[in-house]
file target-v8.txt (compact mmCIF, C-alpha atoms)
# COMPACT_ATOMS: atom_id res chain seq x y z
CA MET A 1 86.92 7.93 58.82
CA SER A 2 84.08 5.92 60.27
CA ALA A 3 84.15 3.74 63.37
CA SER A 4 84.06 0.60 61.23
CA GLN A 5 87.43 1.56 59.77
CA ILE A 6 88.98 1.70 63.24
CA TYR A 7 87.60 -1.68 64.19
CA HIS A 8 88.80 -3.46 61.08
CA ASP A 9 89.46 -7.18 60.79
CA ALA A 10 93.08 -7.09 61.95
CA ILE A 11 92.02 -5.35 65.17
CA LYS A 12 89.20 -7.84 65.69
CA ALA A 13 91.58 -10.75 65.10
CA LEU A 14 94.15 -9.35 67.56
CA ALA A 15 91.47 -8.79 70.21
CA ALA A 16 90.02 -12.27 69.69
CA ALA A 17 93.46 -13.90 69.93
CA ALA A 18 94.02 -12.26 73.34
CA THR A 19 97.69 -13.26 73.21
CA GLY A 20 99.25 -13.12 76.66
CA GLU A 21 95.94 -13.19 78.51
CA GLY A 22 96.20 -14.74 81.97
CA THR A 23 98.45 -14.53 84.99
CA LEU A 24 102.06 -15.41 85.77
CA ALA A 25 103.00 -17.88 88.49
CA SER A 26 105.72 -15.58 89.80
CA ALA A 27 105.67 -12.03 88.48
CA ASP A 28 108.41 -9.49 89.27
CA GLY A 29 106.10 -6.55 88.73
CA ARG A 30 102.40 -5.97 88.46
CA ALA A 31 100.29 -2.91 87.74
CA LEU A 32 96.59 -2.20 87.44
CA VAL A 33 95.70 0.89 85.44
CA ASP A 34 92.32 2.13 84.31
CA ASN A 35 90.74 4.83 82.24
CA PRO A 36 88.25 6.55 84.56
CA LEU A 37 86.34 7.97 81.59
CA CYS A 38 85.44 4.70 79.88
CA GLY A 39 86.05 2.07 82.55
CA ASP A 40 88.69 0.12 80.63
CA ARG A 41 91.19 -1.52 82.94
CA VAL A 42 94.37 -3.49 82.40
CA ASP A 43 96.02 -5.71 84.96
CA MET A 44 99.56 -6.36 83.70
CA GLU A 45 102.22 -8.68 85.10
CA VAL A 46 105.82 -8.92 84.00
CA LYS A 47 108.62 -11.41 84.63
CA MET A 48 112.20 -10.25 83.99
CA THR A 49 115.37 -12.18 83.13
CA ASP A 50 118.76 -10.48 82.73
CA GLY A 51 117.20 -7.06 82.43
CA ARG A 52 114.80 -8.09 79.68
CA VAL A 53 111.17 -9.08 79.63
CA ALA A 54 110.94 -12.85 79.99
CA ALA A 55 107.16 -13.03 79.98
CA ILE A 56 104.09 -10.88 80.43
CA ALA A 57 100.49 -11.71 81.24
CA HIS A 58 97.49 -9.42 81.17
CA ARG A 59 93.85 -9.35 82.09
CA VAL A 60 91.89 -6.67 80.27
CA ARG A 61 88.37 -5.40 80.77
CA GLY A 62 87.90 -3.02 77.94
CA CYS A 63 86.98 -2.19 74.38
CA LEU A 64 88.20 -3.90 71.23
CA LEU A 65 91.10 -1.45 70.77
CA CYS A 66 92.33 -1.93 74.33
CA ARG A 67 92.15 -5.71 74.08
CA ALA A 68 93.85 -5.70 70.69
CA ALA A 69 96.71 -3.52 71.99
CA ALA A 70 97.23 -5.83 74.98
CA SER A 71 97.32 -8.76 72.58
CA VAL A 72 100.09 -7.07 70.55
CA ILE A 73 102.08 -6.67 73.76
CA GLY A 74 101.51 -10.34 74.51
CA LYS A 75 102.87 -11.20 71.08
CA HIS A 76 105.97 -9.00 71.08
CA ALA A 77 107.07 -8.02 74.58
CA ALA A 78 109.17 -11.09 75.41
CA GLY A 79 112.85 -10.33 74.87
CA ALA A 80 112.42 -6.55 74.91
CA SER A 81 114.33 -4.34 77.34
CA PRO A 82 112.54 -1.68 79.40
CA GLY A 83 114.14 0.86 77.06
CA ASP A 84 112.67 -0.92 74.04
CA ILE A 85 109.22 -0.86 75.65
CA GLU A 86 109.55 2.84 76.35
CA ARG A 87 110.55 3.57 72.75
CA ILE A 88 107.65 1.49 71.42
CA SER A 89 105.23 3.33 73.73
CA ILE A 90 106.47 6.69 72.48
CA GLY A 91 106.19 5.37 68.92
CA VAL A 92 102.57 4.40 69.55
CA ALA A 93 101.80 7.87 70.91
CA GLU A 94 103.37 9.50 67.86
CA MET A 95 101.55 7.18 65.48
CA LEU A 96 98.24 8.10 67.13
CA GLU A 97 98.78 11.81 67.62
CA LYS A 98 101.02 12.79 64.71
CA GLN A 99 100.29 10.06 62.19
CA ALA A 100 103.95 8.99 62.40
CA PRO A 101 104.79 5.57 60.91
CA SER A 102 104.00 2.75 63.33
CA PRO A 103 106.97 1.39 65.31
CA ALA A 104 108.68 -0.95 62.86
CA ALA A 105 109.87 -3.41 65.50
CA TRP A 106 106.31 -4.50 66.33
CA LYS A 107 104.66 -4.84 62.95
CA ASP A 108 101.18 -5.57 64.34
CA LEU A 109 100.98 -1.99 65.62
CA GLU A 110 100.25 -0.88 62.05
CA ALA A 111 96.71 -2.08 62.66
CA PHE A 112 96.17 0.92 64.96
CA SER A 113 97.23 3.62 62.48
CA PRO A 114 93.60 4.36 61.43
CA VAL A 115 92.90 5.42 65.02
CA HIS A 116 94.79 8.66 64.27
CA GLY A 117 92.31 11.53 64.36
CA HIS A 118 89.96 9.79 66.82
CA ARG A 119 91.35 11.55 69.86
CA SER A 120 88.96 9.99 72.35
CA ARG A 121 90.24 6.53 71.41
CA TYR A 122 93.99 7.13 71.76
CA ARG A 123 94.01 6.10 75.40
CA CYS A 124 92.24 2.82 74.55
CA VAL A 125 95.31 1.82 72.55
CA GLN A 126 97.79 3.29 75.03
CA LEU A 127 96.36 1.89 78.26
CA PRO A 128 98.05 -1.55 77.97
CA PHE A 129 101.38 0.20 77.30
CA GLU A 130 100.86 2.41 80.36
CA ALA A 131 100.18 -0.75 82.34
CA LEU A 132 103.30 -2.47 81.03
CA LEU A 133 105.50 0.54 81.85
CA ALA A 134 103.98 0.69 85.34
CA ALA A 135 104.55 -3.06 85.81
CA LEU A 136 108.18 -2.61 84.75
CA ARG A 137 108.57 0.18 87.31
CA ALA A 138 107.01 -2.09 89.92
CA ALA A 139 109.62 -4.69 88.96
CA GLY A 140 112.32 -2.11 89.72
CA CYS A 141 113.26 -1.44 86.09
CA MET B 1 58.57 -25.26 112.45
CA LYS B 2 61.25 -27.88 112.13
CA LYS B 3 64.61 -26.97 113.56
CA THR B 4 66.40 -27.50 110.24
CA LEU B 5 63.97 -25.22 108.40
CA TYR B 6 64.15 -22.60 111.13
CA GLU B 7 67.92 -22.60 111.01
CA ARG B 8 67.92 -22.28 107.22
CA LEU B 9 65.49 -19.37 107.45
CA ARG B 10 67.65 -17.71 110.05
CA ALA B 11 70.77 -18.24 107.91
CA VAL B 12 69.10 -16.77 104.82
CA THR B 13 67.76 -13.69 106.59
CA ALA B 14 70.96 -13.17 108.57
CA ALA B 15 72.83 -13.11 105.25
CA GLY B 16 70.61 -10.22 104.20
CA ALA B 17 68.64 -12.34 101.73
CA SER B 18 64.91 -13.07 101.50
CA ALA B 19 62.87 -16.23 101.92
CA ALA B 20 59.25 -17.39 102.02
CA VAL B 21 57.94 -20.20 104.20
CA VAL B 22 54.87 -22.09 102.97
CA THR B 23 52.89 -23.94 105.65
CA ARG B 24 50.11 -26.46 105.09
CA LEU B 25 47.64 -25.55 107.78
CA GLY B 26 46.19 -29.05 108.13
CA ASP B 27 49.36 -30.81 109.25
CA GLY B 28 51.98 -28.11 109.62
CA ALA B 29 54.19 -29.43 106.80
CA GLN B 30 56.45 -26.66 105.50
CA SER B 31 58.71 -25.62 102.64
CA LEU B 32 61.23 -22.83 102.43
CA PHE B 33 61.83 -20.89 99.23
CA ASP B 34 64.86 -18.61 99.13
CA GLY B 35 63.98 -17.02 95.81
CA GLU B 36 65.88 -19.66 93.88
CA ARG B 37 65.60 -23.07 95.56
CA TRP B 38 62.87 -25.00 97.34
CA GLU B 39 63.69 -26.95 100.47
CA GLU B 40 61.91 -29.39 102.77
CA GLY B 41 58.44 -30.92 102.83
CA LEU B 42 55.76 -29.62 100.44
CA THR B 43 55.39 -30.38 96.76
CA LEU B 44 53.99 -27.42 94.86
CA ASP B 45 53.39 -27.27 91.13
CA GLU B 46 55.12 -24.66 88.95
CA GLU B 47 52.10 -22.37 88.89
CA ARG B 48 51.90 -22.22 92.68
CA ARG B 49 55.62 -21.80 93.01
CA ALA B 50 55.37 -18.80 90.70
CA VAL B 51 52.67 -17.29 92.94
CA VAL B 52 54.85 -17.79 96.03
CA ARG B 53 57.72 -16.10 94.19
CA ARG B 54 55.53 -13.12 93.36
CA MET B 55 54.40 -12.91 97.00
CA LEU B 56 58.00 -12.97 98.19
CA VAL B 57 59.04 -10.29 95.69
CA ALA B 58 56.16 -8.08 96.88
CA ASP B 59 56.79 -8.99 100.55
CA LYS B 60 53.22 -10.24 100.92
CA SER B 61 52.03 -12.90 103.35
CA GLY B 62 48.71 -14.74 103.39
CA ILE B 63 46.79 -17.72 102.04
CA LEU B 64 48.21 -18.89 98.72
CA ALA B 65 45.73 -17.95 95.99
CA GLY B 66 43.77 -20.92 94.69
CA THR B 67 44.26 -22.93 97.87
CA GLU B 68 42.57 -22.97 101.23
CA ASP B 69 45.20 -24.56 103.40
CA LEU B 70 48.56 -23.18 102.26
CA PHE B 71 49.84 -20.15 104.12
CA VAL B 72 52.75 -18.12 102.78
CA ARG B 73 54.87 -16.05 105.12
CA SER B 74 57.37 -13.76 103.39
CA TYR B 75 60.56 -12.74 105.11
CA ALA B 76 61.73 -10.21 102.54
CA ARG B 77 64.39 -7.62 103.08
CA PRO B 78 63.86 -4.18 101.54
CA PRO B 79 63.86 -4.37 97.75
CA ARG B 80 67.14 -3.51 96.13
CA LEU B 81 67.67 -1.48 92.98
CA ILE B 82 71.01 -2.12 91.31
CA VAL B 83 71.77 0.59 88.78
CA VAL B 84 74.54 -0.06 86.27
CA GLY B 85 75.82 3.30 85.10
CA ALA B 86 76.52 6.42 87.13
CA ALA B 87 74.66 8.38 84.47
CA HIS B 88 72.66 11.60 84.61
CA ILE B 89 69.41 9.65 84.98
CA SER B 90 70.98 7.72 87.87
CA GLN B 91 71.54 10.97 89.75
CA PHE B 92 67.76 11.36 89.94
CA LEU B 93 66.85 7.68 90.10
CA ALA B 94 69.07 6.92 93.11
CA PRO B 95 67.53 9.40 95.57
CA MET B 96 63.98 8.77 94.26
CA ALA B 97 64.36 5.01 94.70
CA ALA B 98 65.86 5.45 98.17
CA LEU B 99 62.84 7.59 99.17
CA ALA B 100 60.55 4.89 97.77
CA GLY B 101 62.12 2.34 100.11
CA PHE B 102 64.73 0.70 97.91
CA GLU B 103 68.28 -0.04 98.88
CA VAL B 104 70.18 1.53 95.98
CA ILE B 105 73.53 0.40 94.64
CA ILE B 106 75.24 2.07 91.68
CA ILE B 107 77.88 0.21 89.72
CA ASP B 108 80.13 1.86 87.16
CA PRO B 109 83.77 1.07 86.35
CA ARG B 110 84.14 4.61 84.98
CA ARG B 111 85.50 6.23 88.11
CA ALA B 112 85.08 9.72 86.67
CA PHE B 113 81.31 9.20 86.79
CA ALA B 114 80.99 6.99 89.85
CA SER B 115 82.14 9.66 92.29
CA ALA B 116 80.83 10.38 95.77
CA GLU B 117 80.43 14.06 94.80
CA ARG B 118 77.88 13.15 92.13
CA PHE B 119 76.18 10.51 94.29
CA PRO B 120 76.22 11.58 97.91
CA GLY B 121 75.06 8.92 100.34
CA VAL B 122 74.73 6.20 97.68
CA THR B 123 76.57 2.88 97.67
CA LEU B 124 78.95 3.14 94.71
CA ILE B 125 80.97 0.27 93.29
CA ASP B 126 83.61 1.17 90.68
CA GLN B 127 84.03 -2.33 89.27
CA TRP B 128 82.80 -4.01 86.13
CA PRO B 129 79.19 -5.04 86.77
CA ASP B 130 79.63 -8.80 86.37
CA GLU B 131 82.51 -8.70 88.87
CA ALA B 132 80.53 -6.53 91.29
CA PHE B 133 77.48 -8.83 90.96
CA LYS B 134 79.46 -11.81 92.26
CA LYS B 135 79.61 -10.19 95.68
CA LEU B 136 76.08 -8.75 95.63
CA ASN B 137 73.88 -11.87 95.51
CA LEU B 138 71.40 -10.94 92.79
CA ASP B 139 68.31 -12.40 94.41
CA ALA B 140 64.55 -12.44 93.82
CA THR B 141 64.04 -9.14 95.62
CA SER B 142 66.62 -7.27 93.52
CA ALA B 143 66.06 -5.29 90.34
CA VAL B 144 68.77 -4.47 87.78
CA VAL B 145 68.71 -1.49 85.42
CA THR B 146 71.49 -0.70 82.93
CA LEU B 147 71.95 2.93 81.97
CA THR B 148 75.51 3.37 80.64
CA HIS B 149 74.64 3.43 76.89
CA ASP B 150 77.89 1.47 76.42
CA PRO B 151 77.36 -2.19 75.41
CA LYS B 152 80.84 -2.97 76.70
CA ILE B 153 79.54 -2.31 80.23
CA ASP B 154 75.77 -2.93 79.87
CA ASP B 155 75.98 -6.31 78.10
CA PRO B 156 77.96 -8.20 80.77
CA ALA B 157 75.57 -6.78 83.38
CA LEU B 158 72.51 -7.96 81.43
CA ILE B 159 74.02 -11.39 80.79
CA ALA B 160 74.62 -11.85 84.53
CA ALA B 161 71.21 -10.44 85.48
CA LEU B 162 69.36 -12.71 83.04
CA GLY B 163 71.05 -15.71 84.62
CA SER B 164 69.85 -14.68 88.09
CA PRO B 165 66.45 -14.70 89.85
CA VAL B 166 66.14 -10.87 89.99
CA PHE B 167 62.52 -9.73 89.64
CA TYR B 168 63.20 -6.99 87.13
CA VAL B 169 65.71 -6.32 84.35
CA GLY B 170 65.61 -3.07 82.40
CA ALA B 171 67.95 -1.48 79.87
CA LEU B 172 68.13 2.08 78.58
CA GLY B 173 68.11 2.51 74.82
CA SER B 174 65.78 2.96 71.86
CA LYS B 175 63.94 0.12 70.15
CA ARG B 176 66.65 0.07 67.51
CA THR B 177 69.42 -0.07 70.11
CA HIS B 178 67.56 -2.81 71.90
CA ALA B 179 67.12 -4.88 68.73
CA LYS B 180 70.89 -4.89 68.25
CA ARG B 181 71.35 -5.73 71.92
CA VAL B 182 69.00 -8.70 71.61
CA ASP B 183 71.08 -9.93 68.65
CA ARG B 184 74.24 -9.77 70.76
CA LEU B 185 72.56 -11.54 73.67
CA ALA B 186 71.33 -14.23 71.28
CA GLU B 187 74.92 -14.74 70.16
CA ALA B 188 75.81 -15.17 73.83
CA GLY B 189 73.20 -17.96 74.03
CA LEU B 190 70.49 -15.92 75.77
CA ALA B 191 67.93 -15.74 72.95
CA ASP B 192 65.23 -17.27 75.16
CA LYS B 193 65.89 -14.95 78.10
CA ALA B 194 66.36 -11.60 76.35
CA GLY B 195 62.58 -11.12 76.33
CA ARG B 196 62.73 -10.52 80.09
CA ILE B 197 64.46 -7.19 79.53
CA HIS B 198 62.27 -4.12 79.80
CA ALA B 199 63.36 -1.96 76.89
CA PRO B 200 62.83 0.83 76.13
CA VAL B 201 63.09 1.00 79.90
CA GLY B 202 60.35 2.43 82.10
CA LEU B 203 56.62 3.06 81.84
CA ASP B 204 55.65 5.22 78.88
CA LEU B 205 54.82 8.42 80.73
CA GLY B 206 55.80 10.60 77.78
CA GLY B 207 58.56 12.37 79.71
CA ARG B 208 61.93 12.99 78.11
CA SER B 209 64.14 14.65 80.70
CA PRO B 210 66.49 12.55 82.86
CA ARG B 211 64.41 13.17 85.97
CA GLU B 212 61.21 12.15 84.18
CA ILE B 213 62.85 9.02 82.83
CA ALA B 214 63.95 8.24 86.40
CA VAL B 215 60.28 8.45 87.49
CA SER B 216 59.20 6.14 84.66
CA ILE B 217 61.89 3.57 85.52
CA LEU B 218 61.05 3.62 89.22
CA SER B 219 57.33 3.33 88.43
CA GLN B 220 57.91 0.29 86.27
CA VAL B 221 60.12 -1.39 88.87
CA ILE B 222 57.42 -0.86 91.51
CA GLN B 223 54.72 -2.07 89.14
CA VAL B 224 56.58 -5.29 88.32
CA ARG B 225 57.40 -5.80 91.98
CA TYR B 226 53.71 -5.85 92.95
CA LYS B 227 51.96 -6.99 89.79
CA GLY B 228 54.54 -9.23 88.17
CA GLU B 229 55.37 -9.17 84.49
CA ALA B 230 52.43 -8.08 82.32
call {"tool": "encode", "arguments": {"input": "target-v8.txt", "output": "structure tokens"}}
result
Amino acid sequence: MSASQIYHDAIKALAAAATGEGTLASADGRALVDNPLCGDRVDMEVKMTDGRVAAIAHRVRGCLLCRAAASVIGKHAAGASPGDIERISIGVAEMLEKQAPSPAAWKDLEAFSPVHGHRSRYRCVQLPFEALLAALRAAGC
Amino acid sequence: MKKTLYERLRAVTAAGASAAVVTRLGDGAQSLFDGERWEEGLTLDEERRAVVRRMLVADKSGILAGTEDLFVRSYARPPRLIVVGAAHISQFLAPMAALAGFEVIIIDPRRAFASAERFPGVTLIDQWPDEAFKKLNLDATSAVVTLTHDPKIDDPALIAALGSPVFYVGALGSKRTHAKRVDRLAEAGLADKAGRIHAPVGLDLGGRSPREIAVSILSQVIQVRYKGEA
């Protein structure tokens, strides 16, 4: 599969929407993670209410895939529990590595299924999830 | 020299930046040029301002060409080469440029490449170039070269460099790569400035190896520093 099939319109639209981009006035947890091989970095903030994600905000310097994945988190993370986020992250890893069906709860993740087989790009998709999990840990979850 | 001009000159040089002072020998009227702005007394046309800029970039002092009574005194700090991309070529370019008298700074957000082991004794910044530039003061005595081969990193660096008074901008990549890059820069509203980029980068010495390309880049930076754009 060629590169153009990874960067298809849905991915471009997600990246352009940049849902959740910005900062939170009062975050409970924050994490900055980067990929030292490509330079992508995600600064993720999370606000919790009653053990669930109330809001997230991210600032991403990275490729289209990384920005699109952060945008999906911006669209879907509110209302999820830390356990939900962990399950989704595992689902994303399995979709990328084993061509498993994309996590049904977050339908937009389907857009990343063509990335399967492009090993060097898996982390581009996963980096925002790593950042969110780290931000949740920083929030004491 | 007027006190206000002297104090400005002192402030500019103390901040590690460069400036030229133009003095009219007849009456002592002066202007200060910090590489970007003109201050105080003299009115010079664009052509003469460009000559003063070239003199400042080359750290030359003397009578302004084409005049008899305007004296230019350059207070330039050592030229600075800002390399975007801790690439293989950079490993040769950095020490060569340092030996040639440049202050060398390497910027690369890819920490795996921008490591002190690969670049001993070099100033390394592991941020995105446009963020790093904000703290670096890209001035008239700085040159910027992008070498990452990744538009995601090179493009923001070029966009910032083209909006600055740096004396040289170069970008690694073939003619074909550069044509696509120019298209992207045009989309970013820089169609009129993209022509400033030296690409394919470096003088055409015929060399192909990273160390030879480093020589060709350094040669071109030195050439533009002293002779201006061809």
call {"tool": "residues_around", "arguments": {"input": "target-v8.txt", "residues": "stretch 76-90 of chain A", "least_positions_apart": "2", "cutoff": "12 Å", "atoms": "only C-alpha atoms", "output": "ChimeraX atom specification"}}
result
/A:19-20,44-58,69-74,92-98,100-109,123,125-141
call {"tool": "atom_distance", "arguments": {"input": "target-v8.txt", "atom1": "atom CA of B:Ile153", "atom2": "atom CA of A:Ser120"}}
result
17.4 Å
call {"tool": "interface_residues", "arguments": {"input": "target-v8.txt", "of": "chain B", "to": "chain A", "cutoff": "7 Å", "atoms": "only C-alpha atoms", "output": "PyMOL selection string"}}
result
chain B and resi 109-112+152
call {"tool": "atom_distance", "arguments": {"input": "target-v8.txt", "atom1": "atom CA of B:Asp192", "atom2": "atom CA of B:Ala86"}}
result
28.8 Å
call {"tool": "residues_around", "arguments": {"input": "target-v8.txt", "residues": "B:Ala65", "least_positions_apart": "6", "cutoff": "12 Å", "atoms": "only C-alpha atoms", "output": "PyMOL selection string"}}
result
chain B and resi 47-52+54-55+71-72
call {"tool": "write_last_selection", "arguments": {"input": "target-v8.txt", "atoms": "C-alpha atoms", "output": "JSON list (two decimals), in the coordinates of the input"}}
result
[["chain", "number", "residue", "atom", "x", "y", "z"],
["B", 47, "GLU", "CA", 52.10, -22.37, 88.89],
["B", 48, "ARG", "CA", 51.90, -22.22, 92.68],
["B", 49, "ARG", "CA", 55.62, -21.80, 93.01],
["B", 50, "ALA", "CA", 55.37, -18.80, 90.70],
["B", 51, "VAL", "CA", 52.67, -17.29, 92.94],
["B", 52, "VAL", "CA", 54.85, -17.79, 96.03],
["B", 54, "ARG", "CA", 55.53, -13.12, 93.36],
["B", 55, "MET", "CA", 54.40, -12.91, 97.00],
["B", 71, "PHE", "CA", 49.84, -20.15, 104.12],
["B", 72, "VAL", "CA", 52.75, -18.12, 102.78]]
call {"tool": "atom_distance", "arguments": {"input": "target-v8.txt", "atom1": "atom CA of B:Asp155", "atom2": "atom CA of B:Ser174"}}
result
15.1 Å
call {"tool": "closest_residue", "arguments": {"input": "target-v8.txt", "among": "A:Leu65, A:Glu110, A:Gly29, A:His116", "to": "A:Tyr7", "atoms": "only C-alpha atoms"}}
result
A:Leu65
call {"tool": "residues_around", "arguments": {"input": "target-v8.txt", "residues": "B:Asp69", "least_positions_apart": "3", "cutoff": "12 Å", "atoms": "all atoms listed in the file", "output": "ChimeraX atom specification"}}
result
/B:22-30,62-66,72
call {"tool": "write_last_selection", "arguments": {"input": "target-v8.txt", "atoms": "C-alpha atoms", "output": "tab-separated table (two decimals), keeping the file's coordinate frame"}}
result
chain	number	residue	atom	x	y	z
B	22	VAL	CA	54.87	-22.09	102.97
B	23	THR	CA	52.89	-23.94	105.65
B	24	ARG	CA	50.11	-26.46	105.09
B	25	LEU	CA	47.64	-25.55	107.78
B	26	GLY	CA	46.19	-29.05	108.13
B	27	ASP	CA	49.36	-30.81	109.25
B	28	GLY	CA	51.98	-28.11	109.62
B	29	ALA	CA	54.19	-29.43	106.80
B	30	GLN	CA	56.45	-26.66	105.50
B	62	GLY	CA	48.71	-14.74	103.39
B	63	ILE	CA	46.79	-17.72	102.04
B	64	LEU	CA	48.21	-18.89	98.72
B	65	ALA	CA	45.73	-17.95	95.99
B	66	GLY	CA	43.77	-20.92	94.69
B	72	VAL	CA	52.75	-18.12	102.78
call {"tool": "residues_near_point", "arguments": {"input": "target-v8.txt", "point": "(76.9, -8.5, 89.5)", "cutoff": "9 Å", "atoms": "all atoms listed in the file", "output": "ChimeraX atom specification"}}
result
/B:82,107,128-138,156-157,160-161
call {"tool": "residues_around", "arguments": {"input": "target-v8.txt", "residues": "B:Ile197", "least_positions_apart": "6", "cutoff": "7 Å", "atoms": "all atoms listed in the file", "output": "MDAnalysis selection string"}}
result
chainID B and resid 169:171
call {"tool": "build_atoms", "arguments": {"input": "target-v8.txt", "residues": "stretch 89-96 of chain B", "atoms": "all heavy atoms", "output": "PDB file, keeping the file's coordinate frame"}}
result
ATOM      1  N   ILE B  89      70.686  10.181  84.483  1.00  0.00           N
ATOM      2  CA  ILE B  89      69.410   9.650  84.980  1.00  0.00           C
ATOM      3  C   ILE B  89      69.587   9.049  86.369  1.00  0.00           C
ATOM      4  O   ILE B  89      68.732   9.216  87.246  1.00  0.00           O
ATOM      5  CB  ILE B  89      68.876   8.563  84.005  1.00  0.00           C
ATOM      6  CG1 ILE B  89      68.511   9.188  82.655  1.00  0.00           C
ATOM      7  CG2 ILE B  89      67.672   7.842  84.605  1.00  0.00           C
ATOM      8  CD1 ILE B  89      68.239   8.168  81.558  1.00  0.00           C
ATOM      9  N   SER B  90      70.737   8.385  86.577  1.00  0.00           N
ATOM     10  CA  SER B  90      70.980   7.720  87.870  1.00  0.00           C
ATOM     11  C   SER B  90      71.020   8.726  89.011  1.00  0.00           C
ATOM     12  O   SER B  90      70.670   8.393  90.141  1.00  0.00           O
ATOM     13  CB  SER B  90      72.303   6.961  87.828  1.00  0.00           C
ATOM     14  OG  SER B  90      72.478   6.309  86.596  1.00  0.00           O
ATOM     15  N   GLN B  91      71.464   9.951  88.703  1.00  0.00           N
ATOM     16  CA  GLN B  91      71.540  10.970  89.750  1.00  0.00           C
ATOM     17  C   GLN B  91      70.155  11.325  90.294  1.00  0.00           C
ATOM     18  O   GLN B  91      70.021  11.750  91.436  1.00  0.00           O
ATOM     19  CB  GLN B  91      72.236  12.233  89.235  1.00  0.00           C
ATOM     20  CG  GLN B  91      73.736  12.040  89.076  1.00  0.00           C
ATOM     21  CD  GLN B  91      74.416  13.295  88.584  1.00  0.00           C
ATOM     22  OE1 GLN B  91      74.255  13.672  87.431  1.00  0.00           O
ATOM     23  NE2 GLN B  91      75.173  13.950  89.442  1.00  0.00           N
ATOM     24  N   PHE B  92      69.135  11.148  89.464  1.00  0.00           N
ATOM     25  CA  PHE B  92      67.760  11.360  89.940  1.00  0.00           C
ATOM     26  C   PHE B  92      67.149  10.057  90.454  1.00  0.00           C
ATOM     27  O   PHE B  92      66.436  10.036  91.447  1.00  0.00           O
ATOM     28  CB  PHE B  92      66.890  11.946  88.818  1.00  0.00           C
ATOM     29  CG  PHE B  92      67.391  13.278  88.342  1.00  0.00           C
ATOM     30  CD1 PHE B  92      68.013  13.404  87.121  1.00  0.00           C
ATOM     31  CD2 PHE B  92      67.259  14.407  89.150  1.00  0.00           C
ATOM     32  CE1 PHE B  92      68.498  14.629  86.700  1.00  0.00           C
ATOM     33  CE2 PHE B  92      67.734  15.634  88.731  1.00  0.00           C
ATOM     34  CZ  PHE B  92      68.360  15.748  87.503  1.00  0.00           C
ATOM     35  N   LEU B  93      67.448   8.972  89.742  1.00  0.00           N
ATOM     36  CA  LEU B  93      66.850   7.680  90.100  1.00  0.00           C
ATOM     37  C   LEU B  93      67.285   7.225  91.492  1.00  0.00           C
ATOM     38  O   LEU B  93      66.472   6.712  92.262  1.00  0.00           O
ATOM     39  CB  LEU B  93      67.225   6.635  89.034  1.00  0.00           C
ATOM     40  CG  LEU B  93      66.686   5.221  89.239  1.00  0.00           C
ATOM     41  CD1 LEU B  93      65.165   5.216  89.357  1.00  0.00           C
ATOM     42  CD2 LEU B  93      67.106   4.315  88.066  1.00  0.00           C
ATOM     43  N   ALA B  94      68.552   7.436  91.828  1.00  0.00           N
ATOM     44  CA  ALA B  94      69.070   6.920  93.110  1.00  0.00           C
ATOM     45  C   ALA B  94      68.329   7.528  94.312  1.00  0.00           C
ATOM     46  O   ALA B  94      67.790   6.782  95.136  1.00  0.00           O
ATOM     47  CB  ALA B  94      70.571   7.134  93.208  1.00  0.00           C
ATOM     48  N   PRO B  95      68.251   8.854  94.416  1.00  0.00           N
ATOM     49  CA  PRO B  95      67.530   9.400  95.570  1.00  0.00           C
ATOM     50  C   PRO B  95      66.031   9.088  95.549  1.00  0.00           C
ATOM     51  O   PRO B  95      65.426   8.849  96.593  1.00  0.00           O
ATOM     52  CB  PRO B  95      67.789  10.909  95.495  1.00  0.00           C
ATOM     53  CG  PRO B  95      68.293  11.182  94.126  1.00  0.00           C
ATOM     54  CD  PRO B  95      68.912   9.919  93.631  1.00  0.00           C
ATOM     55  N   MET B  96      65.426   9.095  94.342  1.00  0.00           N
ATOM     56  CA  MET B  96      63.980   8.770  94.260  1.00  0.00           C
ATOM     57  C   MET B  96      63.724   7.356  94.758  1.00  0.00           C
ATOM     58  O   MET B  96      62.783   7.120  95.520  1.00  0.00           O
ATOM     59  CB  MET B  96      63.504   8.866  92.798  1.00  0.00           C
ATOM     60  CG  MET B  96      63.323  10.260  92.268  1.00  0.00           C
ATOM     61  SD  MET B  96      62.834  10.126  90.519  1.00  0.00           S
ATOM     62  CE  MET B  96      62.988  11.850  90.038  1.00  0.00           C
TER      63      MET B  96
END
